[in-house]
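Chemist: Got upload.csv for you, CSV, N, CA and C atoms:
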chain,number,residue,atom,x,y,z
A,227,MET,N,11.1,-26.1,6.7
A,227,MET,CA,10.7,-25.7,8.0
A,227,MET,C,10.0,-26.9,8.7
A,228,THR,N,10.2,-27.0,9.9
A,228,THR,CA,9.5,-28.1,10.7
A,228,THR,C,8.1,-27.8,10.8
A,229,THR,N,7.3,-28.8,11.1
A,229,THR,CA,5.9,-28.7,11.3
A,229,THR,C,5.5,-27.7,12.5
A,230,LYS,N,6.3,-27.8,13.5
A,230,LYS,CA,6.1,-26.9,14.7
A,230,LYS,C,6.2,-25.4,14.3
A,231,LYS,N,7.2,-25.1,13.5
A,231,LYS,CA,7.4,-23.7,13.1
A,231,LYS,C,6.2,-23.2,12.3
A,232,ILE,N,5.7,-24.1,11.3
A,232,ILE,CA,4.6,-23.7,10.5
A,232,ILE,C,3.3,-23.5,11.3
A,233,GLU,N,3.1,-24.5,12.3
A,233,GLU,CA,1.9,-24.4,13.1
A,233,GLU,C,2.0,-23.1,14.0
A,234,ARG,N,3.2,-22.8,14.5
A,234,ARG,CA,3.3,-21.6,15.3
A,234,ARG,C,3.0,-20.3,14.5
A,235,ARG,N,3.5,-20.2,13.3
A,235,ARG,CA,3.2,-19.1,12.4
A,235,ARG,C,1.7,-19.0,12.1
A,236,ILE,N,1.1,-20.1,11.9
A,236,ILE,CA,-0.4,-20.1,11.6
A,236,ILE,C,-1.2,-19.7,12.8
A,237,LYS,N,-0.8,-20.1,14.0
A,237,LYS,CA,-1.5,-19.6,15.2
A,237,LYS,C,-1.4,-18.1,15.3
A,238,ILE,N,-0.1,-17.6,15.1
A,238,ILE,CA,0.1,-16.1,15.2
A,238,ILE,C,-0.7,-15.4,14.1
A,239,LYS,N,-0.8,-16.0,12.9
A,239,LYS,CA,-1.5,-15.4,11.8
A,239,LYS,C,-3.0,-15.2,12.2
A,240,TYR,N,-3.6,-16.3,12.7
A,240,TYR,CA,-5.0,-16.2,13.1
A,240,TYR,C,-5.3,-15.2,14.2
A,241,ARG,N,-4.3,-15.1,15.1
A,241,ARG,CA,-4.5,-14.2,16.2
A,241,ARG,C,-4.4,-12.8,15.7
A,242,ILE,N,-3.6,-12.5,14.7
A,242,ILE,CA,-3.5,-11.2,14.1
A,242,ILE,C,-4.7,-10.9,13.3
A,243,ARG,N,-5.2,-11.8,12.6
A,243,ARG,CA,-6.3,-11.6,11.7
A,243,ARG,C,-7.7,-11.4,12.4
A,244,LYS,N,-7.7,-11.8,13.7
A,244,LYS,CA,-8.9,-11.5,14.5
A,244,LYS,C,-9.1,-10.0,14.6
A,245,SER,N,-8.1,-9.2,14.7
A,245,SER,CA,-8.2,-7.8,14.9
A,245,SER,C,-7.9,-6.9,13.7
A,246,VAL,N,-7.2,-7.5,12.7
A,246,VAL,CA,-6.8,-6.7,11.5
A,246,VAL,C,-7.7,-7.0,10.4
A,247,ASN,N,-8.6,-6.1,10.0
A,247,ASN,CA,-9.5,-6.3,8.8
A,247,ASN,C,-9.3,-5.1,7.9
A,248,GLY,N,-9.4,-5.3,6.6
A,248,GLY,CA,-9.3,-4.3,5.7
A,248,GLY,C,-10.7,-3.8,5.2
A,249,THR,N,-10.8,-2.5,5.1
A,249,THR,CA,-12.1,-1.9,4.7
A,249,THR,C,-11.8,-1.1,3.4
A,250,ALA,N,-12.8,-0.5,2.8
A,250,ALA,CA,-12.6,0.3,1.6
A,250,ALA,C,-11.8,1.6,2.0
A,251,GLU,N,-11.9,2.1,3.2
A,251,GLU,CA,-11.1,3.3,3.5
A,251,GLU,C,-9.7,3.0,3.9
A,252,ARG,N,-9.5,1.9,4.7
A,252,ARG,CA,-8.2,1.4,5.1
A,252,ARG,C,-8.1,-0.1,4.7
A,253,PRO,N,-7.6,-0.4,3.5
A,253,PRO,CA,-7.5,-1.8,3.2
A,253,PRO,C,-6.3,-2.5,3.9
A,254,ARG,N,-6.3,-3.8,3.9
A,254,ARG,CA,-5.2,-4.6,4.6
A,254,ARG,C,-4.1,-4.8,3.6
A,255,MET,N,-2.9,-4.5,4.1
A,255,MET,CA,-1.6,-4.8,3.4
A,255,MET,C,-1.0,-6.1,3.9
A,256,SER,N,-1.2,-7.2,3.1
A,256,SER,CA,-0.7,-8.5,3.6
A,256,SER,C,0.6,-8.9,2.9
A,257,VAL,N,1.5,-9.4,3.7
A,257,VAL,CA,2.8,-9.8,3.3
A,257,VAL,C,3.0,-11.3,3.3
A,258,PHE,N,3.6,-11.8,2.2
A,258,PHE,CA,4.0,-13.2,2.2
A,258,PHE,C,5.5,-13.3,1.9
A,259,ARG,N,6.2,-14.0,2.7
A,259,ARG,CA,7.6,-14.1,2.6
A,259,ARG,C,8.0,-15.6,2.4
A,260,SER,N,8.6,-15.9,1.2
A,260,SER,CA,9.2,-17.2,1.0
A,260,SER,C,10.7,-17.1,1.2
A,261,ASN,N,11.4,-18.2,1.0
A,261,ASN,CA,12.8,-18.2,1.1
A,261,ASN,C,13.5,-17.4,0.1
A,262,LYS,N,12.9,-17.3,-1.1
A,262,LYS,CA,13.5,-16.5,-2.2
A,262,LYS,C,12.9,-15.2,-2.5
A,263,GLN,N,11.6,-15.1,-2.4
A,263,GLN,CA,10.8,-13.9,-2.8
A,263,GLN,C,10.1,-13.3,-1.7
A,264,ILE,N,9.5,-12.1,-1.9
A,264,ILE,CA,8.6,-11.5,-1.0
A,264,ILE,C,7.5,-10.9,-1.8
A,265,TYR,N,6.2,-11.1,-1.3
A,265,TYR,CA,5.0,-10.7,-2.1
A,265,TYR,C,4.2,-9.8,-1.1
A,266,VAL,N,3.5,-8.8,-1.7
A,266,VAL,CA,2.6,-8.0,-0.9
A,266,VAL,C,1.3,-7.7,-1.7
A,267,GLN,N,0.2,-7.7,-1.0
A,267,GLN,CA,-1.1,-7.4,-1.6
A,267,GLN,C,-1.8,-6.4,-0.7
A,268,ILE,N,-2.6,-5.5,-1.4
A,268,ILE,CA,-3.5,-4.6,-0.6
A,268,ILE,C,-4.9,-5.1,-0.9
A,269,ILE,N,-5.6,-5.5,0.1
A,269,ILE,CA,-6.8,-6.2,0.0
A,269,ILE,C,-8.0,-5.5,0.7
A,270,ASN,N,-9.1,-5.4,0.1
A,270,ASN,CA,-10.3,-4.9,0.7
A,270,ASN,C,-11.1,-6.1,1.1
A,271,ASP,N,-11.1,-6.4,2.5
A,271,ASP,CA,-11.7,-7.6,3.0
A,271,ASP,C,-13.3,-7.6,2.9
A,272,VAL,N,-13.9,-6.4,2.8
A,272,VAL,CA,-15.3,-6.4,2.7
A,272,VAL,C,-15.8,-7.0,1.4
A,273,THR,N,-15.1,-6.7,0.3
A,273,THR,CA,-15.5,-7.2,-1.0
A,273,THR,C,-14.6,-8.4,-1.4
A,274,GLY,N,-13.5,-8.6,-0.7
A,274,GLY,CA,-12.6,-9.7,-1.0
A,274,GLY,C,-11.8,-9.5,-2.3
A,275,GLN,N,-11.5,-8.2,-2.5
A,275,GLN,CA,-10.9,-7.8,-3.8
A,275,GLN,C,-9.4,-7.3,-3.5
A,276,THR,N,-8.5,-7.7,-4.4
A,276,THR,CA,-7.1,-7.3,-4.3
A,276,THR,C,-7.1,-6.0,-5.1
A,277,LEU,N,-6.6,-4.9,-4.4
A,277,LEU,CA,-6.6,-3.6,-5.1
A,277,LEU,C,-5.2,-3.3,-5.7
A,278,ALA,N,-4.2,-3.8,-5.1
A,278,ALA,CA,-2.8,-3.6,-5.6
A,278,ALA,C,-1.9,-4.7,-5.1
A,279,SER,N,-0.9,-5.0,-5.9
A,279,SER,CA,0.0,-6.1,-5.5
A,279,SER,C,1.4,-5.8,-6.1
A,280,ALA,N,2.4,-6.4,-5.5
A,280,ALA,CA,3.8,-6.3,-6.0
A,280,ALA,C,4.6,-7.5,-5.4
A,281,SER,N,5.6,-7.8,-6.1
A,281,SER,CA,6.5,-8.9,-5.7
A,281,SER,C,7.9,-8.6,-6.1
A,282,SER,N,8.8,-9.4,-5.6
A,282,SER,CA,10.3,-9.2,-5.8
A,282,SER,C,10.7,-10.0,-7.0
A,283,LEU,N,9.8,-10.6,-7.8
A,283,LEU,CA,10.2,-11.3,-9.0
A,283,LEU,C,10.8,-10.3,-10.0
A,284,GLY,N,12.0,-10.7,-10.5
A,284,GLY,CA,12.7,-9.8,-11.4
A,284,GLY,C,13.8,-9.0,-10.6
A,285,LEU,N,13.8,-9.0,-9.3
A,285,LEU,CA,14.8,-8.2,-8.6
A,285,LEU,C,15.8,-9.1,-7.9
A,286,GLU,N,16.1,-10.3,-8.4
A,286,GLU,CA,16.9,-11.3,-7.8
A,286,GLU,C,18.4,-10.9,-7.7
A,287,ALA,N,18.8,-9.9,-8.5
A,287,ALA,CA,20.2,-9.4,-8.5
A,287,ALA,C,20.5,-8.6,-7.2
A,288,LEU,N,19.5,-8.1,-6.6
A,288,LEU,CA,19.7,-7.3,-5.3
A,288,LEU,C,19.7,-8.2,-4.1
A,289,PRO,N,20.3,-7.7,-3.0
A,289,PRO,CA,20.2,-8.5,-1.7
A,289,PRO,C,18.7,-8.4,-1.3
A,290,LYS,N,18.3,-9.4,-0.5
A,290,LYS,CA,16.9,-9.6,-0.1
A,290,LYS,C,16.3,-8.4,0.6
A,291,ILE,N,17.1,-7.7,1.5
A,291,ILE,CA,16.6,-6.6,2.2
A,291,ILE,C,16.3,-5.4,1.3
A,292,GLU,N,17.1,-5.2,0.3
A,292,GLU,CA,16.9,-4.2,-0.7
A,292,GLU,C,15.7,-4.5,-1.6
A,293,GLN,N,15.6,-5.8,-1.9
A,293,GLN,CA,14.4,-6.3,-2.7
A,293,GLN,C,13.1,-5.9,-1.9
A,294,ALA,N,13.1,-6.2,-0.6
A,294,ALA,CA,11.9,-5.9,0.2
A,294,ALA,C,11.6,-4.4,0.2
A,295,GLU,N,12.6,-3.5,0.3
A,295,GLU,CA,12.4,-2.1,0.3
A,295,GLU,C,11.8,-1.6,-1.0
A,296,LYS,N,12.4,-2.2,-2.1
A,296,LYS,CA,11.9,-1.8,-3.4
A,296,LYS,C,10.4,-2.2,-3.6
A,297,VAL,N,10.1,-3.4,-3.1
A,297,VAL,CA,8.7,-4.0,-3.3
A,297,VAL,C,7.8,-3.1,-2.5
A,298,GLY,N,8.2,-2.6,-1.3
A,298,GLY,CA,7.4,-1.7,-0.5
A,298,GLY,C,7.1,-0.4,-1.2
A,299,ALA,N,8.1,0.1,-1.8
A,299,ALA,CA,8.0,1.4,-2.5
A,299,ALA,C,7.1,1.2,-3.8
A,300,LEU,N,7.2,0.0,-4.4
A,300,LEU,CA,6.4,-0.2,-5.6
A,300,LEU,C,5.0,-0.4,-5.3
A,301,VAL,N,4.7,-1.1,-4.2
A,301,VAL,CA,3.3,-1.3,-3.8
A,301,VAL,C,2.7,0.0,-3.3
A,302,ALA,N,3.5,0.9,-2.7
A,302,ALA,CA,3.0,2.2,-2.3
A,302,ALA,C,2.6,3.1,-3.5
A,303,GLU,N,3.4,3.0,-4.5
A,303,GLU,CA,3.1,3.8,-5.8
A,303,GLU,C,1.9,3.3,-6.4
A,304,LYS,N,1.7,1.9,-6.5
A,304,LYS,CA,0.5,1.4,-7.1
A,304,LYS,C,-0.7,1.7,-6.2
A,305,ALA,N,-0.6,1.7,-4.9
A,305,ALA,CA,-1.7,2.1,-4.0
A,305,ALA,C,-2.1,3.6,-4.2
A,306,LYS,N,-1.1,4.4,-4.3
A,306,LYS,CA,-1.4,5.8,-4.6
A,306,LYS,C,-2.1,6.0,-5.9
A,307,ALA,N,-1.7,5.3,-6.9
A,307,ALA,CA,-2.4,5.3,-8.2
A,307,ALA,C,-3.8,4.9,-8.1
A,308,ALA,N,-4.1,3.9,-7.2
A,308,ALA,CA,-5.5,3.4,-7.0
A,308,ALA,C,-6.3,4.3,-6.0
A,309,GLY,N,-5.6,5.4,-5.5
A,309,GLY,CA,-6.3,6.3,-4.6
A,309,GLY,C,-6.3,5.9,-3.1
A,310,ILE,N,-5.3,5.0,-2.8
A,310,ILE,CA,-5.2,4.5,-1.4
A,310,ILE,C,-4.0,5.2,-0.7
A,311,THR,N,-4.3,5.9,0.4
A,311,THR,CA,-3.3,6.6,1.2
A,311,THR,C,-3.0,5.9,2.5
A,312,ALA,N,-3.9,5.2,3.1
A,312,ALA,CA,-3.7,4.6,4.4
A,312,ALA,C,-4.1,3.1,4.4
A,313,VAL,N,-3.3,2.3,5.0
A,313,VAL,CA,-3.6,0.8,5.0
A,313,VAL,C,-3.4,0.3,6.5
A,314,VAL,N,-3.9,-0.9,6.7
A,314,VAL,CA,-3.6,-1.7,7.9
A,314,VAL,C,-2.6,-2.7,7.6
A,315,PHE,N,-1.5,-2.8,8.4
A,315,PHE,CA,-0.4,-3.7,8.0
A,315,PHE,C,-0.7,-5.1,8.6
A,316,ASP,N,-0.6,-6.1,7.8
A,316,ASP,CA,-0.8,-7.5,8.2
A,316,ASP,C,0.5,-8.2,7.9
A,317,ARG,N,1.3,-8.5,9.0
A,317,ARG,CA,2.6,-9.2,8.8
A,317,ARG,C,2.4,-10.6,8.6
A,318,ASN,N,1.2,-11.2,8.7
A,318,ASN,CA,0.9,-12.6,8.3
A,318,ASN,C,1.6,-13.6,9.2
A,319,GLY,N,1.9,-13.3,10.4
A,319,GLY,CA,2.5,-14.3,11.3
A,319,GLY,C,4.0,-14.2,11.3
A,320,TYR,N,4.6,-13.4,10.5
A,320,TYR,CA,6.1,-13.3,10.5
A,320,TYR,C,6.5,-12.2,11.5
A,321,LEU,N,7.7,-12.4,12.0
A,321,LEU,CA,8.2,-11.4,13.0
A,321,LEU,C,8.5,-10.1,12.3
A,322,TYR,N,8.3,-9.0,13.0
A,322,TYR,CA,8.5,-7.7,12.4
A,322,TYR,C,10.0,-7.3,12.5
A,323,HIS,N,10.8,-7.9,11.7
A,323,HIS,CA,12.2,-7.5,11.5
A,323,HIS,C,12.7,-8.1,10.2
A,324,GLY,N,13.8,-7.7,9.8
A,324,GLY,CA,14.4,-8.2,8.5
A,324,GLY,C,13.7,-7.7,7.3
A,325,ARG,N,13.3,-8.6,6.5
A,325,ARG,CA,12.6,-8.3,5.2
A,325,ARG,C,11.2,-7.7,5.4
A,326,VAL,N,10.5,-8.1,6.4
A,326,VAL,CA,9.1,-7.6,6.6
A,326,VAL,C,9.2,-6.2,7.1
A,327,LYS,N,10.2,-5.8,8.0
A,327,LYS,CA,10.4,-4.5,8.4
A,327,LYS,C,10.9,-3.6,7.3
A,328,ALA,N,11.8,-4.1,6.5
A,328,ALA,CA,12.3,-3.4,5.3
A,328,ALA,C,11.2,-3.0,4.3
A,329,LEU,N,10.3,-4.0,4.1
A,329,LEU,CA,9.1,-3.7,3.2
A,329,LEU,C,8.2,-2.6,3.8
A,330,ALA,N,8.0,-2.7,5.1
A,330,ALA,CA,7.1,-1.7,5.7
A,330,ALA,C,7.8,-0.3,5.6
A,331,ASP,N,9.1,-0.3,5.9
A,331,ASP,CA,9.8,1.0,5.9
A,331,ASP,C,9.8,1.6,4.4
A,332,GLY,N,10.0,0.7,3.4
A,332,GLY,CA,10.0,1.2,2.1
A,332,GLY,C,8.6,1.8,1.7
A,333,ALA,N,7.5,1.1,2.1
A,333,ALA,CA,6.2,1.6,1.8
A,333,ALA,C,5.9,3.0,2.6
A,334,ARG,N,6.4,3.1,3.8
A,334,ARG,CA,6.2,4.3,4.6
A,334,ARG,C,7.0,5.5,3.9
A,335,ASN,N,8.2,5.2,3.5
A,335,ASN,CA,9.0,6.2,2.8
A,335,ASN,C,8.5,6.7,1.5
A,336,ALA,N,7.7,5.8,0.9
A,336,ALA,CA,7.1,6.2,-0.4
A,336,ALA,C,5.7,6.9,-0.2
A,337,GLY,N,5.3,7.1,1.1
A,337,GLY,CA,4.1,7.9,1.3
A,337,GLY,C,2.9,7.1,1.8
A,338,LEU,N,3.0,5.8,2.1
A,338,LEU,CA,1.8,5.1,2.5
A,338,LEU,C,1.7,5.2,4.0
A,339,ASN,N,0.5,5.4,4.6
A,339,ASN,CA,0.4,5.6,6.0
A,339,ASN,C,-0.2,4.3,6.6
A,340,PHE,N,0.5,3.8,7.7
A,340,PHE,CA,-0.1,2.7,8.5
A,340,PHE,C,0.6,2.7,9.8
Take the structure from the file and write it as structure tokens.
Modeler:
Amino acid sequence: MTTKKIERRIKIKYRIRKSVNGTAERPRMSVFRSNKQIYVQIINDVTGQTLASASSLGLEALPKIEQAEKVGALVAEKAKAAGITAVVFDRNGYLYHGRVKALADGARNAGLNF
């Protein structure tokens, strides 16, 4: 990626983070997307603690969109096991389409509210 793309994403990320904060009742669901993998964490920003996480490591045989859907469903199951039913979605500066949207849809279909 060029420097301008990275700087643009970081600006968007900071703009989003001004309004999106995770609490104990509604933690923040943060997404990181690399070229090969997708990672998601559910974070309580008050204590700075990660409550649940999932990644696409080990799912390389599937297409990337399906990987993202499975990761969303997996993190929703882990969140339910931790007693979390509602989260605030932090797309982390990425556009809400493609893998990020697939991850969000997978988490919603598995029962997570945001």
Chemist: Tell me, in Å to one decimal, how far atom CA of Val266 of chain A is from atom CA of Glu233 of chain A.
Modeler: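 Value for the atom CA of Val266 of chain A-atom CA of Glu233 of chain A distance: 21.6 Å.
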Chemist: Show me a table, sorted first by chain and then by increasing residue number, of the residues of segment 288-335 of chain A having an atom at most 8 Å from segment 234-244 of chain A, each with its shortest atom pair and the distance in Å to one decimal, counting all atoms listed in the file and written as a tab-separated table.
Modeler:
residue	atom	partner	partner_atom	distance
A:Asp316	CA	A:Ile242	C	7.3
A:Arg317	C	A:Lys239	CA	7.0
A:Asn318	C	A:Lys239	CA	4.4
A:Gly319	CA	A:Lys239	N	4.0
A:Tyr320	N	A:Arg235	CA	6.2
Chemist: Quick one, how far is atom CA of Gly332 of chain A from atom CA of Ala312 of chain A?
Modeler: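 Atom CA of Ala312 of chain A lies 14.3 Å from atom CA of Gly332 of chain A.
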Chemist: Could you tell me how far atom N of His323 of chain A lies from atom CA of Ala308 of chain A, in Å and to one decimal?
Modeler: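 Computing the Euclidean distance for atom N of His323 of chain A and atom CA of Ala308 of chain A yields 27.3 Å.
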Chemist: When DSSP is applied to the backbone of this structure, which of segment 246-337 of chain A are assigned alpha helix (DSSP H)? Write them out as a list in words.
Modeler: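 Matching residues, listed in order: Lys290, Ile291, Glu292, Gln293, Ala294, Glu295, Lys296, Val297, Gly298, Ala299, Leu300, Val301, Ala302, Glu303, Lys304, Ala305, Lys306, Ala307, Arg325, Val326, Lys327, Ala328, Leu329, Ala330, Asp331, Gly332, Ala333, Arg334 and Asn335 of chain A.
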Chemist: Output N, CA and C atoms of each residue in that selection to a file, as a PDB file, keeping the file's coordinate frame.
Modeler:
ATOM      1  N   LYS A 290      18.300  -9.400  -0.500  1.00  0.00           N
ATOM      2  CA  LYS A 290      16.900  -9.600  -0.100  1.00  0.00           C
ATOM      3  C   LYS A 290      16.300  -8.400   0.600  1.00  0.00           C
ATOM      4  N   ILE A 291      17.100  -7.700   1.500  1.00  0.00           N
ATOM      5  CA  ILE A 291      16.600  -6.600   2.200  1.00  0.00           C
ATOM      6  C   ILE A 291      16.300  -5.400   1.300  1.00  0.00           C
ATOM      7  N   GLU A 292      17.100  -5.200   0.300  1.00  0.00           N
ATOM      8  CA  GLU A 292      16.900  -4.200  -0.700  1.00  0.00           C
ATOM      9  C   GLU A 292      15.700  -4.500  -1.600  1.00  0.00           C
ATOM     10  N   GLN A 293      15.600  -5.800  -1.900  1.00  0.00           N
ATOM     11  CA  GLN A 293      14.400  -6.300  -2.700  1.00  0.00           C
ATOM     12  C   GLN A 293      13.100  -5.900  -1.900  1.00  0.00           C
ATOM     13  N   ALA A 294      13.100  -6.200  -0.600  1.00  0.00           N
ATOM     14  CA  ALA A 294      11.900  -5.900   0.200  1.00  0.00           C
ATOM     15  C   ALA A 294      11.600  -4.400   0.200  1.00  0.00           C
ATOM     16  N   GLU A 295      12.600  -3.500   0.300  1.00  0.00           N
ATOM     17  CA  GLU A 295      12.400  -2.100   0.300  1.00  0.00           C
ATOM     18  C   GLU A 295      11.800  -1.600  -1.000  1.00  0.00           C
ATOM     19  N   LYS A 296      12.400  -2.200  -2.100  1.00  0.00           N
ATOM     20  CA  LYS A 296      11.900  -1.800  -3.400  1.00  0.00           C
ATOM     21  C   LYS A 296      10.400  -2.200  -3.600  1.00  0.00           C
ATOM     22  N   VAL A 297      10.100  -3.400  -3.100  1.00  0.00           N
ATOM     23  CA  VAL A 297       8.700  -4.000  -3.300  1.00  0.00           C
ATOM     24  C   VAL A 297       7.800  -3.100  -2.500  1.00  0.00           C
ATOM     25  N   GLY A 298       8.200  -2.600  -1.300  1.00  0.00           N
ATOM     26  CA  GLY A 298       7.400  -1.700  -0.500  1.00  0.00           C
ATOM     27  C   GLY A 298       7.100  -0.400  -1.200  1.00  0.00           C
ATOM     28  N   ALA A 299       8.100   0.100  -1.800  1.00  0.00           N
ATOM     29  CA  ALA A 299       8.000   1.400  -2.500  1.00  0.00           C
ATOM     30  C   ALA A 299       7.100   1.200  -3.800  1.00  0.00           C
ATOM     31  N   LEU A 300       7.200   0.000  -4.400  1.00  0.00           N
ATOM     32  CA  LEU A 300       6.400  -0.200  -5.600  1.00  0.00           C
ATOM     33  C   LEU A 300       5.000  -0.400  -5.300  1.00  0.00           C
ATOM     34  N   VAL A 301       4.700  -1.100  -4.200  1.00  0.00           N
ATOM     35  CA  VAL A 301       3.300  -1.300  -3.800  1.00  0.00           C
ATOM     36  C   VAL A 301       2.700   0.000  -3.300  1.00  0.00           C
ATOM     37  N   ALA A 302       3.500   0.900  -2.700  1.00  0.00           N
ATOM     38  CA  ALA A 302       3.000   2.200  -2.300  1.00  0.00           C
ATOM     39  C   ALA A 302       2.600   3.100  -3.500  1.00  0.00           C
ATOM     40  N   GLU A 303       3.400   3.000  -4.500  1.00  0.00           N
ATOM     41  CA  GLU A 303       3.100   3.800  -5.800  1.00  0.00           C
ATOM     42  C   GLU A 303       1.900   3.300  -6.400  1.00  0.00           C
ATOM     43  N   LYS A 304       1.700   1.900  -6.500  1.00  0.00           N
ATOM     44  CA  LYS A 304       0.500   1.400  -7.100  1.00  0.00           C
ATOM     45  C   LYS A 304      -0.700   1.700  -6.200  1.00  0.00           C
ATOM     46  N   ALA A 305      -0.600   1.700  -4.900  1.00  0.00           N
ATOM     47  CA  ALA A 305      -1.700   2.100  -4.000  1.00  0.00           C
ATOM     48  C   ALA A 305      -2.100   3.600  -4.200  1.00  0.00           C
ATOM     49  N   LYS A 306      -1.100   4.400  -4.300  1.00  0.00           N
ATOM     50  CA  LYS A 306      -1.400   5.800  -4.600  1.00  0.00           C
ATOM     51  C   LYS A 306      -2.100   6.000  -5.900  1.00  0.00           C
ATOM     52  N   ALA A 307      -1.700   5.300  -6.900  1.00  0.00           N
ATOM     53  CA  ALA A 307      -2.400   5.300  -8.200  1.00  0.00           C
ATOM     54  C   ALA A 307      -3.800   4.900  -8.100  1.00  0.00           C
ATOM     55  N   ARG A 325      13.300  -8.600   6.500  1.00  0.00           N
ATOM     56  CA  ARG A 325      12.600  -8.300   5.200  1.00  0.00           C
ATOM     57  C   ARG A 325      11.200  -7.700   5.400  1.00  0.00           C
ATOM     58  N   VAL A 326      10.500  -8.100   6.400  1.00  0.00           N
ATOM     59  CA  VAL A 326       9.100  -7.600   6.600  1.00  0.00           C
ATOM     60  C   VAL A 326       9.200  -6.200   7.100  1.00  0.00           C
ATOM     61  N   LYS A 327      10.200  -5.800   8.000  1.00  0.00           N
ATOM     62  CA  LYS A 327      10.400  -4.500   8.400  1.00  0.00           C
ATOM     63  C   LYS A 327      10.900  -3.600   7.300  1.00  0.00           C
ATOM     64  N   ALA A 328      11.800  -4.100   6.500  1.00  0.00           N
ATOM     65  CA  ALA A 328      12.300  -3.400   5.300  1.00  0.00           C
ATOM     66  C   ALA A 328      11.200  -3.000   4.300  1.00  0.00           C
ATOM     67  N   LEU A 329      10.300  -4.000   4.100  1.00  0.00           N
ATOM     68  CA  LEU A 329       9.100  -3.700   3.200  1.00  0.00           C
ATOM     69  C   LEU A 329       8.200  -2.600   3.800  1.00  0.00           C
ATOM     70  N   ALA A 330       8.000  -2.700   5.100  1.00  0.00           N
ATOM     71  CA  ALA A 330       7.100  -1.700   5.700  1.00  0.00           C
ATOM     72  C   ALA A 330       7.800  -0.300   5.600  1.00  0.00           C
ATOM     73  N   ASP A 331       9.100  -0.300   5.900  1.00  0.00           N
ATOM     74  CA  ASP A 331       9.800   1.000   5.900  1.00  0.00           C
ATOM     75  C   ASP A 331       9.800   1.600   4.400  1.00  0.00           C
ATOM     76  N   GLY A 332      10.000   0.700   3.400  1.00  0.00           N
ATOM     77  CA  GLY A 332      10.000   1.200   2.100  1.00  0.00           C
ATOM     78  C   GLY A 332       8.600   1.800   1.700  1.00  0.00           C
ATOM     79  N   ALA A 333       7.500   1.100   2.100  1.00  0.00           N
ATOM     80  CA  ALA A 333       6.200   1.600   1.800  1.00  0.00           C
ATOM     81  C   ALA A 333       5.900   3.000   2.600  1.00  0.00           C
ATOM     82  N   ARG A 334       6.400   3.100   3.800  1.00  0.00           N
ATOM     83  CA  ARG A 334       6.200   4.300   4.600  1.00  0.00           C
ATOM     84  C   ARG A 334       7.000   5.500   3.900  1.00  0.00           C
ATOM     85  N   ASN A 335       8.200   5.200   3.500  1.00  0.00           N
ATOM     86  CA  ASN A 335       9.000   6.200   2.800  1.00  0.00           C
ATOM     87  C   ASN A 335       8.500   6.700   1.500  1.00  0.00           C
TER      88      ASN A 335
END
Chemist: Pick out the residues sitting within 10 Å of segment 296-307 of chain A, and hand them over as a ChimeraX atom specification; count only C-alpha atoms, and ignore anything fewer than 2 positions along from it in its own chain.
Modeler: /A:255,264-268,277-283,285,288,290-294,309-313,326-339
